[in-house]
$ cat data.cif   # mmCIF, C-alpha atoms
data_model
loop_
_atom_site.label_atom_id
_atom_site.label_comp_id
_atom_site.auth_asym_id
_atom_site.auth_seq_id
_atom_site.Cartn_x
_atom_site.Cartn_y
_atom_site.Cartn_z
CA MET A 1 96.58 109.02 79.81
CA ARG A 2 98.54 110.64 82.65
CA THR A 3 97.34 107.87 84.99
CA ILE A 4 98.58 105.20 82.57
CA ILE A 5 102.01 106.87 82.23
CA THR A 6 102.31 107.21 86.01
CA SER A 7 101.39 103.55 86.47
CA CYS A 8 104.02 102.52 83.91
CA ILE A 9 106.70 104.57 85.67
CA ILE A 10 105.79 103.02 89.03
CA PHE A 11 105.95 99.54 87.48
CA ILE A 12 109.36 100.20 85.91
CA LEU A 13 110.78 101.60 89.16
CA ALA A 14 109.41 98.64 91.13
CA SER A 15 110.98 96.23 88.62
CA LEU A 16 114.34 97.99 88.90
CA ALA A 17 114.18 97.92 92.68
CA CYS A 18 113.48 94.20 92.58
CA GLN A 19 116.42 93.58 90.26
CA LEU A 20 118.77 95.68 92.40
CA SER A 21 117.75 93.84 95.56
CA ASN A 22 119.09 90.61 94.03
CA HIS A 23 122.48 92.07 93.14
CA PRO A 24 125.42 93.46 95.13
CA VAL A 25 125.16 97.04 96.24
CA THR A 26 126.84 99.91 94.37
CA GLY A 27 130.62 99.61 94.65
CA ASP A 28 130.54 95.82 94.49
CA LYS A 29 130.21 95.48 90.72
CA GLY A 30 131.02 91.99 89.52
CA PHE A 31 130.53 90.43 92.97
CA THR A 32 127.93 87.74 93.65
CA LYS A 33 126.25 87.01 96.96
CA ILE A 34 127.21 83.51 98.09
CA PHE A 35 125.21 83.59 101.34
CA ASP A 36 121.45 84.12 100.95
CA GLY A 37 121.06 85.47 104.49
CA LYS A 38 118.59 82.76 105.48
CA THR A 39 119.94 79.24 104.87
CA PHE A 40 123.12 77.20 104.58
CA LYS A 41 122.37 76.55 100.90
CA GLY A 42 125.73 76.16 99.15
CA TRP A 43 127.53 75.70 102.47
CA GLU A 44 128.45 72.81 104.77
CA CYS A 45 129.17 72.93 108.49
CA ASP A 46 128.54 71.48 111.93
CA THR A 47 125.19 73.13 112.72
CA SER A 48 125.61 72.43 116.43
CA PHE A 49 128.21 75.23 116.39
CA TRP A 50 126.88 77.43 113.56
CA TYR A 51 123.46 79.04 113.11
CA ILE A 52 121.78 81.79 111.07
CA LYS A 53 119.65 84.63 112.41
CA ASN A 54 118.66 88.01 110.95
CA GLY A 55 120.92 87.64 107.93
CA VAL A 56 124.00 86.73 110.00
CA ILE A 57 125.92 83.47 110.24
CA THR A 58 127.15 82.93 113.79
CA GLY A 59 129.69 80.48 115.16
CA TRP A 60 129.73 80.12 118.94
CA GLU A 61 131.26 78.22 121.83
CA THR A 62 130.45 78.25 125.53
CA PRO A 63 132.14 76.66 128.54
CA GLU A 64 129.56 73.87 128.24
CA ARG A 65 129.89 73.48 124.44
CA GLN A 66 133.50 73.45 123.29
CA LEU A 67 135.20 72.21 120.17
CA LYS A 68 137.92 69.57 120.27
CA GLN A 69 139.44 70.98 117.07
CA ASN A 70 138.95 73.98 114.80
CA THR A 71 135.84 73.67 112.67
CA PHE A 72 134.90 75.43 109.45
CA LEU A 73 131.88 76.70 107.59
CA ILE A 74 132.78 75.45 104.11
CA TYR A 75 131.63 77.01 100.84
CA LYS A 76 130.65 74.34 98.30
CA GLY A 77 129.86 76.56 95.32
CA ALA A 78 133.38 76.92 93.91
CA GLU A 79 137.07 76.34 94.54
CA PRO A 80 138.42 79.51 92.93
CA SER A 81 141.94 80.34 91.84
CA ASP A 82 141.99 84.09 91.11
CA PHE A 83 139.23 85.88 92.99
CA GLU A 84 138.15 88.67 95.31
CA LEU A 85 136.07 88.07 98.41
CA LYS A 86 134.32 90.57 100.67
CA ALA A 87 132.59 89.88 103.96
CA GLU A 88 131.64 91.75 107.10
CA TYR A 89 132.55 90.20 110.43
CA ARG A 90 132.13 90.87 114.13
CA ILE A 91 134.03 88.92 116.76
CA SER A 92 133.95 88.73 120.54
CA SER A 93 136.93 90.00 122.55
CA ARG A 94 138.32 86.51 123.20
CA GLY A 95 137.46 85.17 119.77
CA ASN A 96 139.75 83.59 117.19
CA SER A 97 138.71 83.06 113.59
CA GLY A 98 139.73 83.58 109.99
CA ILE A 99 138.78 83.12 106.35
CA GLN A 100 140.35 80.16 104.55
CA TYR A 101 141.03 80.22 100.82
CA ARG A 102 142.84 78.02 98.31
CA SER A 103 142.44 75.40 101.01
CA GLU A 104 141.78 71.66 101.11
CA LEU A 105 140.00 69.22 103.37
CA VAL A 106 142.01 67.47 106.09
CA PRO A 107 141.72 63.69 105.62
CA GLY A 108 139.98 61.95 108.50
CA LEU A 109 138.71 65.15 110.14
CA LYS A 110 135.23 66.43 109.43
CA TYR A 111 134.82 70.14 108.62
CA ALA A 112 138.59 70.68 108.91
CA LEU A 113 140.63 72.70 106.39
CA LYS A 114 144.26 73.50 105.72
CA GLY A 115 145.58 76.32 103.58
CA TYR A 116 145.89 80.10 103.41
CA GLN A 117 143.98 82.08 106.01
CA ALA A 118 143.12 85.73 106.44
CA ASP A 119 143.47 85.81 110.21
CA ILE A 120 140.89 87.42 112.53
CA ASP A 121 140.92 87.67 116.34
CA GLY A 122 139.04 89.68 118.93
CA ALA A 123 142.13 91.26 120.46
CA ASN A 124 143.35 92.24 116.95
CA THR A 125 146.76 90.77 117.66
CA TYR A 126 146.75 88.89 114.36
CA THR A 127 143.86 90.36 112.39
CA GLY A 128 144.87 91.12 108.81
CA GLN A 129 147.86 88.80 108.60
CA ASN A 130 148.33 85.84 106.25
CA TYR A 131 148.58 82.54 108.11
CA GLU A 132 148.70 79.03 106.66
CA GLU A 133 146.47 76.71 108.70
CA ARG A 134 148.07 73.29 109.23
CA GLY A 135 150.92 74.37 106.99
CA ARG A 136 153.82 76.82 107.03
CA GLY A 137 152.33 78.98 109.77
CA PHE A 138 152.84 82.76 109.73
CA LEU A 139 153.44 83.98 106.18
CA ALA A 140 152.89 87.75 106.33
CA MET A 141 152.32 89.64 109.55
CA ARG A 142 150.14 92.75 109.64
CA GLY A 143 152.01 95.65 108.09
CA GLN A 144 154.33 93.44 106.02
CA SER A 145 154.76 92.87 102.30
CA VAL A 146 156.66 89.59 101.91
CA SER A 147 157.93 87.12 99.35
CA ILE A 148 158.21 83.42 100.16
CA PRO A 149 161.02 81.40 98.53
CA THR A 150 160.82 77.67 97.86
CA GLY A 151 161.63 75.81 101.06
CA GLY A 152 162.46 79.01 102.90
CA LYS A 153 160.97 81.46 105.37
CA PRO A 154 159.11 84.62 104.30
CA VAL A 155 161.32 87.57 103.41
CA VAL A 156 160.03 91.03 104.30
CA ASP A 157 160.36 93.15 101.14
CA LYS A 158 158.86 96.28 102.64
CA ILE A 159 156.79 97.59 105.52
CA ILE A 160 153.34 98.72 104.41
CA ALA A 161 152.65 100.56 107.66
CA ASN A 162 153.22 100.21 111.38
CA SER A 163 151.25 97.23 112.74
CA ASP A 164 149.80 99.20 115.66
CA SER A 165 148.66 102.06 113.43
CA LEU A 166 146.85 99.53 111.24
CA LYS A 167 145.37 97.89 114.33
CA ASN A 168 143.79 101.22 115.30
CA LEU A 169 141.76 101.10 112.08
CA ILE A 170 140.07 97.83 113.10
CA ARG A 171 136.88 98.30 115.10
CA VAL A 172 136.49 96.40 118.36
CA ASN A 173 133.21 94.61 119.18
CA ASP A 174 131.75 96.05 115.99
CA TRP A 175 131.43 95.21 112.30
CA ASN A 176 134.48 95.32 110.02
CA GLU A 177 134.84 94.52 106.33
CA VAL A 178 137.50 92.10 105.14
CA HIS A 179 138.46 92.17 101.46
CA LEU A 180 140.75 89.55 99.93
CA VAL A 181 142.38 90.10 96.54
CA VAL A 182 144.07 86.94 95.26
CA LYS A 183 145.66 86.73 91.82
CA GLY A 184 148.30 84.23 90.76
CA ASN A 185 150.75 83.88 93.64
CA HIS A 186 149.96 87.39 94.92
CA MET A 187 147.66 87.75 97.95
CA LYS A 188 146.44 90.97 99.55
CA HIS A 189 144.36 91.26 102.74
CA TYR A 190 142.38 94.46 103.38
CA ILE A 191 140.38 95.48 106.45
CA ASN A 192 137.97 98.40 106.15
CA GLY A 193 139.54 99.32 102.81
CA VAL A 194 143.12 99.45 104.11
CA LEU A 195 145.87 97.02 103.03
CA MET A 196 146.94 95.01 106.07
CA SER A 197 149.32 92.44 104.56
CA GLU A 198 150.66 91.31 101.22
CA ALA A 199 152.33 88.04 100.25
CA ILE A 200 153.93 86.79 97.05
CA ASP A 201 154.29 83.02 97.32
CA ASN A 202 157.20 81.80 95.20
CA ASP A 203 157.35 78.47 97.04
CA THR A 204 156.56 76.10 94.16
CA ASP A 205 156.62 73.09 96.49
CA ASN A 206 153.98 74.32 98.93
CA ARG A 207 151.86 77.08 97.38
CA LYS A 208 148.32 76.43 96.15
CA ALA A 209 146.75 77.82 92.99
CA SER A 210 143.10 77.13 93.88
CA GLY A 211 140.95 75.59 96.56
CA ILE A 212 138.19 75.81 99.13
CA ILE A 213 136.86 78.92 100.86
CA GLY A 214 135.87 78.51 104.51
CA PHE A 215 135.17 80.46 107.70
CA GLN A 216 136.83 79.34 110.91
CA LEU A 217 135.53 78.79 114.42
CA HIS A 218 138.66 78.26 116.53
CA THR A 219 138.79 76.24 119.71
CA ALA A 220 138.17 78.49 122.71
CA LYS A 221 136.63 78.48 126.16
CA GLU A 222 134.01 80.95 124.99
CA MET A 223 133.64 83.01 121.83
CA THR A 224 131.35 84.28 119.08
CA ILE A 225 132.15 85.05 115.44
CA GLU A 226 129.58 86.55 113.06
CA PHE A 227 129.65 86.94 109.27
CA ARG A 228 127.28 88.69 106.88
CA ASN A 229 127.16 90.17 103.35
CA ILE A 230 129.51 87.57 101.86
CA LEU A 231 130.40 88.41 98.25
CA LEU A 232 132.61 86.62 95.73
CA LYS A 233 134.07 87.81 92.42
CA GLN A 234 135.87 85.35 90.14
#
$ encode --input "data.cif" --output "structure tokens"
Amino acid sequence: MRTIITSCIIFILASLACQLSNHPVTGDKGFTKIFDGKTFKGWECDTSFWYIKNGVITGWETPERQLKQNTFLIYKGAEPSDFELKAEYRISSRGNSGIQYRSELVPGLKYALKGYQADIDGANTYTGQNYEERGRGFLAMRGQSVSIPTGGKPVVDKIIANSDSLKNLIRVNDWNEVHLVVKGNHMKHYINGVLMSEAIDNDTDNRKASGIIGFQLHTAKEMTIEFRNILLKQ
């Protein structure tokens, strides 16, 4: 009898372990994995510049293999409006990248996007800011909370923290977690759990309410950008 009970307990624990392995880790309740760690299923990209190894998506350029324009790893599973996204990234010192959201395809250019971007760069000059690719440009710099009027430039409503002090919280040549919280016209960018920038887009002529998510590989002489553990909550 004891053997039977023990076997049942082992079976139940094994079943629970299996279920947990297919769901986000504790602290990510409500999030869904949108990258399986092995394939580009649900994604679209130029695979001559992107590859997957050991659960990591990598975009890379070398002096012999350079882009003529920015290219994007594009998520095909949804074009969300209100959402949260988490991902870990690691970027080389000369790298330039970012995470697009509420974006759209650029007509006539393959794997090109325009729209809001959570900026990332290896020197951490711009990491954490809100930048609009092929649009209005810099919206909220790191350390700023801004509002954007229709047809006007961003207005700084308050300073969240000193930009350099926030920069010191971003790890160099190591993994960092980016967390985007987007609701209505309110956008917050976090790095390693710390708010880096905040934007309220009141520009009814130019703002977007939903759109594509994508990961950028910027033109460069040489760079590497890596992403893993990509989670989405709608």
$ resolve_selection --input "data.cif" --expression "the PyMOL selection byres ((chain A and resi 94) around 8)" --output "CSV table (one decimal) with C-alpha atoms, in the frame of the given file"
chain,number,residue,atom,x,y,z
A,92,SER,CA,134.0,88.7,120.5
A,93,SER,CA,136.9,90.0,122.6
A,95,GLY,CA,137.5,85.2,119.8
A,96,ASN,CA,139.8,83.6,117.2
A,121,ASP,CA,140.9,87.7,116.3
A,122,GLY,CA,139.0,89.7,118.9
A,123,ALA,CA,142.1,91.3,120.5
A,222,GLU,CA,134.0,81.0,125.0
A,223,MET,CA,133.6,83.0,121.8
$ resolve_selection --input "data.cif" --expression "the PyMOL selection byres ((chain A and resi 49) around 7)" --output "list in words"
Asp46, Thr47, Ser48, Trp50, Tyr51, Gly59, Trp60 and Glu61 of chain A
$ residues_around --input "data.cif" --residues "Gly135 in chain A" --least-positions-apart "2" --cutoff "9 Å" --atoms "only C-alpha atoms" --output "list of chain:residue names"
A:Lys114, A:Gly115, A:Tyr116, A:Tyr131, A:Glu132, A:Glu133, A:Gly137, A:Asn206
$ closest_residue --input "data.cif" --among "A:Lys233, A:Arg142, A:Lys76, A:Lys188" --to "Leu105 in chain A" --atoms "all atoms listed in the file"
A:Lys76
$ residues_around --input "data.cif" --residues "Pro154 in chain A" --least-positions-apart "3" --cutoff "12 Å" --atoms "all atoms listed in the file" --output "number ranges by chain"
A: 130-131, 136-141, 144-151, 157-158, 198-203
$ closest_residue --input "data.cif" --among "A:Gln117, A:Asn162, A:Thr224, A:Asn185" --to "Thr204 in chain A" --atoms "only C-alpha atoms"
A:Asn185
